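Data file: start.cif. Format and content: mmCIF, N, CA and C atoms.
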```cif
data_target
#
loop_
_atom_site.group_PDB
_atom_site.id
_atom_site.type_symbol
_atom_site.label_atom_id
_atom_site.label_comp_id
_atom_site.auth_asym_id
_atom_site.auth_seq_id
_atom_site.Cartn_x
_atom_site.Cartn_y
_atom_site.Cartn_z
ATOM 1 N N MET A 68 93.643 41.017 53.994
ATOM 2 C CA MET A 68 94.106 41.861 55.062
ATOM 3 C C MET A 68 93.330 43.177 55.101
ATOM 4 N N LEU A 69 93.062 43.758 53.943
ATOM 5 C CA LEU A 69 92.353 45.021 53.894
ATOM 6 C C LEU A 69 90.944 44.898 54.468
ATOM 7 N N GLU A 70 90.250 43.820 54.138
ATOM 8 C CA GLU A 70 88.915 43.603 54.703
ATOM 9 C C GLU A 70 88.975 43.451 56.225
ATOM 10 N N TYR A 71 90.002 42.801 56.703
ATOM 11 C CA TYR A 71 90.201 42.648 58.151
ATOM 12 C C TYR A 71 90.329 44.022 58.806
ATOM 13 N N LEU A 72 91.118 44.911 58.223
ATOM 14 C CA LEU A 72 91.291 46.248 58.781
ATOM 15 C C LEU A 72 90.016 47.075 58.681
ATOM 16 N N ARG A 73 89.275 46.893 57.600
ATOM 17 C CA ARG A 73 88.030 47.649 57.417
ATOM 18 C C ARG A 73 86.918 47.206 58.356
ATOM 19 N N SER A 74 87.047 46.031 58.938
ATOM 20 C CA SER A 74 85.978 45.501 59.795
ATOM 21 C C SER A 74 85.979 46.112 61.191
ATOM 22 N N ALA A 75 86.906 47.000 61.483
ATOM 23 C CA ALA A 75 86.939 47.698 62.771
ATOM 24 C C ALA A 75 87.439 49.112 62.531
ATOM 25 N N SER A 76 87.286 49.969 63.524
ATOM 26 C CA SER A 76 87.779 51.339 63.373
ATOM 27 C C SER A 76 88.640 51.771 64.554
ATOM 28 N N VAL A 77 88.845 50.856 65.487
ATOM 29 C CA VAL A 77 89.681 51.155 66.652
ATOM 30 C C VAL A 77 90.854 50.189 66.681
ATOM 31 N N GLY A 78 92.019 50.727 66.936
ATOM 32 C CA GLY A 78 93.218 49.909 67.028
ATOM 33 C C GLY A 78 94.092 50.400 68.167
ATOM 34 N N ARG A 79 95.253 49.822 68.283
ATOM 35 C CA ARG A 79 96.208 50.224 69.312
ATOM 36 C C ARG A 79 97.565 50.439 68.654
ATOM 37 N N VAL A 80 98.208 51.508 69.064
ATOM 38 C CA VAL A 80 99.560 51.804 68.624
ATOM 39 C C VAL A 80 100.464 51.642 69.833
ATOM 40 N N ALA A 81 101.491 50.825 69.689
ATOM 41 C CA ALA A 81 102.485 50.646 70.749
ATOM 42 C C ALA A 81 103.779 51.297 70.284
ATOM 43 N N VAL A 82 104.366 52.110 71.146
ATOM 44 C CA VAL A 82 105.611 52.807 70.818
ATOM 45 C C VAL A 82 106.604 52.615 71.952
ATOM 46 N N SER A 83 107.880 52.714 71.605
ATOM 47 C CA SER A 83 108.934 52.647 72.618
ATOM 48 C C SER A 83 109.300 54.065 73.022
ATOM 49 N N THR A 84 109.252 54.331 74.309
ATOM 50 C CA THR A 84 109.690 55.622 74.828
ATOM 51 C C THR A 84 111.007 55.401 75.566
ATOM 52 N N ALA A 85 111.582 56.452 76.088
ATOM 53 C CA ALA A 85 112.862 56.334 76.796
ATOM 54 C C ALA A 85 112.752 55.416 78.012
ATOM 55 N N SER A 86 111.603 55.406 78.645
ATOM 56 C CA SER A 86 111.439 54.642 79.884
ATOM 57 C C SER A 86 110.879 53.240 79.679
ATOM 58 N N TRP A 87 109.834 53.118 78.863
ATOM 59 C CA TRP A 87 109.143 51.845 78.696
ATOM 60 C C TRP A 87 108.233 51.914 77.476
ATOM 61 N N PRO A 88 107.701 50.788 77.049
ATOM 62 C CA PRO A 88 106.727 50.831 75.946
ATOM 63 C C PRO A 88 105.402 51.411 76.436
ATOM 64 N N GLU A 89 104.715 52.094 75.554
ATOM 65 C CA GLU A 89 103.394 52.632 75.868
ATOM 66 C C GLU A 89 102.440 52.230 74.754
ATOM 67 N N ILE A 90 101.197 51.946 75.134
ATOM 68 C CA ILE A 90 100.178 51.497 74.185
ATOM 69 C C ILE A 90 98.997 52.454 74.269
ATOM 70 N N PHE A 91 98.543 52.911 73.093
ATOM 71 C CA PHE A 91 97.463 53.891 73.031
ATOM 72 C C PHE A 91 96.348 53.405 72.116
ATOM 73 N N PRO A 92 95.082 53.567 72.537
ATOM 74 C CA PRO A 92 93.976 53.281 71.621
ATOM 75 C C PRO A 92 93.844 54.439 70.626
ATOM 76 N N VAL A 93 93.550 54.121 69.372
ATOM 77 C CA VAL A 93 93.359 55.146 68.343
ATOM 78 C C VAL A 93 92.240 54.740 67.397
ATOM 79 N N ASN A 94 91.539 55.712 66.865
ATOM 80 C CA ASN A 94 90.613 55.490 65.760
ATOM 81 C C ASN A 94 91.437 55.555 64.492
ATOM 82 N N TYR A 95 91.115 54.721 63.508
ATOM 83 C CA TYR A 95 91.916 54.677 62.294
ATOM 84 C C TYR A 95 91.056 54.372 61.078
ATOM 85 N N VAL A 96 91.641 54.579 59.914
ATOM 86 C CA VAL A 96 91.057 54.137 58.647
ATOM 87 C C VAL A 96 92.175 53.538 57.796
ATOM 88 N N PRO A 97 91.896 52.447 57.097
ATOM 89 C CA PRO A 97 92.878 51.950 56.131
ATOM 90 C C PRO A 97 92.800 52.821 54.874
ATOM 91 N N ASP A 98 93.938 53.166 54.308
ATOM 92 C CA ASP A 98 93.979 54.042 53.155
ATOM 93 C C ASP A 98 95.082 53.597 52.207
ATOM 94 N N TYR A 99 94.710 52.922 51.129
ATOM 95 C CA TYR A 99 95.665 52.481 50.112
ATOM 96 C C TYR A 99 96.841 51.709 50.699
ATOM 97 N N GLY A 100 96.548 50.725 51.542
ATOM 98 C CA GLY A 100 97.588 49.869 52.100
ATOM 99 C C GLY A 100 98.297 50.440 53.308
ATOM 100 N N THR A 101 97.836 51.576 53.810
ATOM 101 C CA THR A 101 98.436 52.212 54.985
ATOM 102 C C THR A 101 97.361 52.410 56.043
ATOM 103 N N VAL A 102 97.736 52.302 57.287
ATOM 104 C CA VAL A 102 96.822 52.599 58.381
ATOM 105 C C VAL A 102 97.029 54.061 58.762
ATOM 106 N N VAL A 103 95.944 54.842 58.748
ATOM 107 C CA VAL A 103 96.030 56.268 59.032
ATOM 108 C C VAL A 103 95.266 56.579 60.313
ATOM 109 N N PHE A 104 95.927 57.302 61.209
ATOM 110 C CA PHE A 104 95.242 57.821 62.390
ATOM 111 C C PHE A 104 95.748 59.228 62.651
ATOM 112 N N ARG A 105 94.945 60.015 63.323
ATOM 113 C CA ARG A 105 95.310 61.399 63.597
ATOM 114 C C ARG A 105 95.643 61.547 65.073
ATOM 115 N N THR A 106 96.680 62.309 65.358
ATOM 116 C CA THR A 106 97.060 62.568 66.739
ATOM 117 C C THR A 106 97.653 63.963 66.844
ATOM 118 N N GLY A 107 97.599 64.526 68.014
ATOM 119 C CA GLY A 107 98.210 65.829 68.258
ATOM 120 C C GLY A 107 99.607 65.663 68.827
ATOM 121 N N PRO A 108 100.270 66.768 69.123
ATOM 122 C CA PRO A 108 101.605 66.702 69.720
ATOM 123 C C PRO A 108 101.568 65.928 71.040
ATOM 124 N N GLY A 109 102.612 65.186 71.311
ATOM 125 C CA GLY A 109 102.689 64.438 72.563
ATOM 126 C C GLY A 109 103.436 63.136 72.397
ATOM 127 N N THR A 110 103.232 62.236 73.338
ATOM 128 C CA THR A 110 103.991 60.993 73.423
ATOM 129 C C THR A 110 103.896 60.147 72.157
ATOM 130 N N LYS A 111 102.675 59.923 71.647
ATOM 131 C CA LYS A 111 102.523 59.066 70.460
ATOM 132 C C LYS A 111 103.307 59.621 69.280
ATOM 133 N N LEU A 112 103.068 60.862 68.955
ATOM 134 C CA LEU A 112 103.718 61.458 67.795
ATOM 135 C C LEU A 112 105.234 61.528 67.978
ATOM 136 N N ASP A 113 105.682 61.959 69.139
ATOM 137 C CA ASP A 113 107.125 62.044 69.405
ATOM 138 C C ASP A 113 107.802 60.687 69.245
ATOM 139 N N ALA A 114 107.194 59.651 69.815
ATOM 140 C CA ALA A 114 107.795 58.314 69.770
ATOM 141 C C ALA A 114 107.789 57.736 68.362
ATOM 142 N N VAL A 115 106.707 57.928 67.614
ATOM 143 C CA VAL A 115 106.645 57.398 66.249
ATOM 144 C C VAL A 115 107.675 58.097 65.355
ATOM 145 N N LEU A 116 107.829 59.395 65.521
ATOM 146 C CA LEU A 116 108.791 60.132 64.696
ATOM 147 C C LEU A 116 110.241 59.864 65.092
ATOM 148 N N ALA A 117 110.498 59.664 66.375
ATOM 149 C CA ALA A 117 111.876 59.507 66.851
ATOM 150 C C ALA A 117 112.349 58.062 66.885
ATOM 151 N N GLY A 118 111.422 57.136 67.117
ATOM 152 C CA GLY A 118 111.833 55.754 67.324
ATOM 153 C C GLY A 118 111.815 54.927 66.060
ATOM 154 N N PRO A 119 112.677 53.947 66.020
ATOM 155 C CA PRO A 119 112.699 53.072 64.849
ATOM 156 C C PRO A 119 111.574 52.042 64.850
ATOM 157 N N ARG A 120 110.906 51.880 65.990
ATOM 158 C CA ARG A 120 109.887 50.830 66.073
ATOM 159 C C ARG A 120 108.575 51.361 66.616
ATOM 160 N N SER A 121 107.522 50.968 65.946
ATOM 161 C CA SER A 121 106.179 51.147 66.472
ATOM 162 C C SER A 121 105.389 49.931 66.008
ATOM 163 N N PHE A 122 104.350 49.615 66.736
ATOM 164 C CA PHE A 122 103.577 48.405 66.458
ATOM 165 C C PHE A 122 102.111 48.761 66.379
ATOM 166 N N TRP A 123 101.385 47.998 65.586
ATOM 167 C CA TRP A 123 99.974 48.243 65.348
ATOM 168 C C TRP A 123 99.175 46.991 65.621
ATOM 169 N N LYS A 124 98.000 47.141 66.227
ATOM 170 C CA LYS A 124 97.078 46.026 66.434
ATOM 171 C C LYS A 124 95.667 46.534 66.249
ATOM 172 N N ARG A 125 94.910 45.849 65.428
ATOM 173 C CA ARG A 125 93.493 46.163 65.299
ATOM 174 C C ARG A 125 92.760 45.612 66.496
ATOM 175 N N THR A 126 91.867 46.395 67.068
ATOM 176 C CA THR A 126 91.072 45.943 68.208
ATOM 177 C C THR A 126 89.762 45.374 67.708
ATOM 178 N N ALA A 127 89.446 44.176 68.144
ATOM 179 C CA ALA A 127 88.222 43.515 67.666
ATOM 180 C C ALA A 127 86.991 44.168 68.213
#
```

In structure tokens, write the structure found in this file.
Amino acid sequence: MLEYLRSASVGRVAVSTASWPEIFPVNYVPDYGTVVFRTGPGTKLDAVLAGPRSFWKRTA
């Protein structure tokens, strides 16, 4: 799994907002079994912190 994640650097984060799901492209790095990406204040961060569900997909 780790090699699979290392073979790309762009992924998608899907989050649930009050109205509907939203999907965002992000640059990421795998780090000790965790996917790390950086984001500023806004929809992605608010939804990940407030919601119980977020989803990740590596983009080929």

field: Straight-line distance linking CA of Ala114 (chain A) with CA of Ile90 (chain A), stated in Å to one decimal
entry: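 The value is 11.1 Å.
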
- request: Apply DSSP to the backbone of this structure and, from chain A, keep only the residues in alpha helix (DSSP H); write these as a PyMOL selection string.
  value: chain A and resi 69-73+110-117

Reference answer for the PyMOL selection byres ((chain A and resi 104) around 5), as a PyMOL selection string: chain A and resi 94-95+102-103+105-106

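Minimum distance to Val93 (chain A) across A:Val77, A:Pro108, A:Gly118, A:Lys124 (counting only C-alpha atoms) occurs at A:Val77.
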
- request: Kindly give the distance, in Å, that separates CA of Arg125 (chain A) and CA of Glu70 (chain A), rounded to a single decimal.
  value: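 These atoms are spaced 11.8 Å apart.
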
If you take every atom of region 93-103 of chain A that the file lists and fit an axis-aligned box around them with 5 Å extra on each side, what centre and edge lengths come out in Å to one decimal, as AutoDock Vina command-line options?
```
--center_x 94.5 --center_y 53.2 --center_z 59.7 --size_x 17.8 --size_y 16.7 --size_z 29.3
```

task: In Å, rounded to a single decimal, give me how far CA of Ser83 (chain A) is from CA of Gly100 (chain A).
output: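 About the pair CA of Gly100 (chain A) and CA of Ser83 (chain A): they are 23.6 Å apart.
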
field: strand (DSSP E or B) call set, DSSP backbone run, chain A, as a list of chain:residue names
entry: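 Put together, the selection reads A:Val77, A:Gly78, A:Arg79, A:Val80, A:Ala81, A:Val82, A:Ser83, A:Pro88, A:Glu89, A:Ile90, A:Phe91, A:Pro92, A:Val93, A:Asn94, A:Val96, A:Pro97, A:Asp98, A:Thr101, A:Val102, A:Val103, A:Ser121, A:Phe122, A:Trp123, A:Lys124, A:Arg125.
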
- prompt: Which residues, written as a list of chain:residue names, have at least one atom at most 5 Å from Val80 (chain A), with all atoms listed in the file counted and residues fewer than 4 positions away on the same chain left out?
  reply: A:Ile90, A:Phe91, A:Phe122, A:Trp123

Keeping N, CA and C atoms, export the residues of the selection given above as a PDB file, keeping the file's coordinate frame.
```
ATOM      1  N   ILE A  90     101.197  51.946  75.134  1.00  0.00           N
ATOM      2  CA  ILE A  90     100.178  51.497  74.185  1.00  0.00           C
ATOM      3  C   ILE A  90      98.997  52.454  74.269  1.00  0.00           C
ATOM      4  N   PHE A  91      98.543  52.911  73.093  1.00  0.00           N
ATOM      5  CA  PHE A  91      97.463  53.891  73.031  1.00  0.00           C
ATOM      6  C   PHE A  91      96.348  53.405  72.116  1.00  0.00           C
ATOM      7  N   PHE A 122     104.350  49.615  66.736  1.00  0.00           N
ATOM      8  CA  PHE A 122     103.577  48.405  66.458  1.00  0.00           C
ATOM      9  C   PHE A 122     102.111  48.761  66.379  1.00  0.00           C
ATOM     10  N   TRP A 123     101.385  47.998  65.586  1.00  0.00           N
ATOM     11  CA  TRP A 123      99.974  48.243  65.348  1.00  0.00           C
ATOM     12  C   TRP A 123      99.175  46.991  65.621  1.00  0.00           C
TER      13      TRP A 123
END
```

- prompt: If you count only C-alpha atoms, which residues fall within 12 Å of Thr84 (chain A), apart from same-chain ones fewer than 5 positions away, as a PyMOL selection string?
  reply: chain A and resi 89-90+109-121

message: Just checking: using only C-alpha atoms, which residue out of A:Pro97, A:Pro92, A:Gly107, A:Ala127 ends up closest to Leu72 (chain A)?
response: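 Ranked by minimum distance to Leu72 (chain A), first place goes to A:Pro97.
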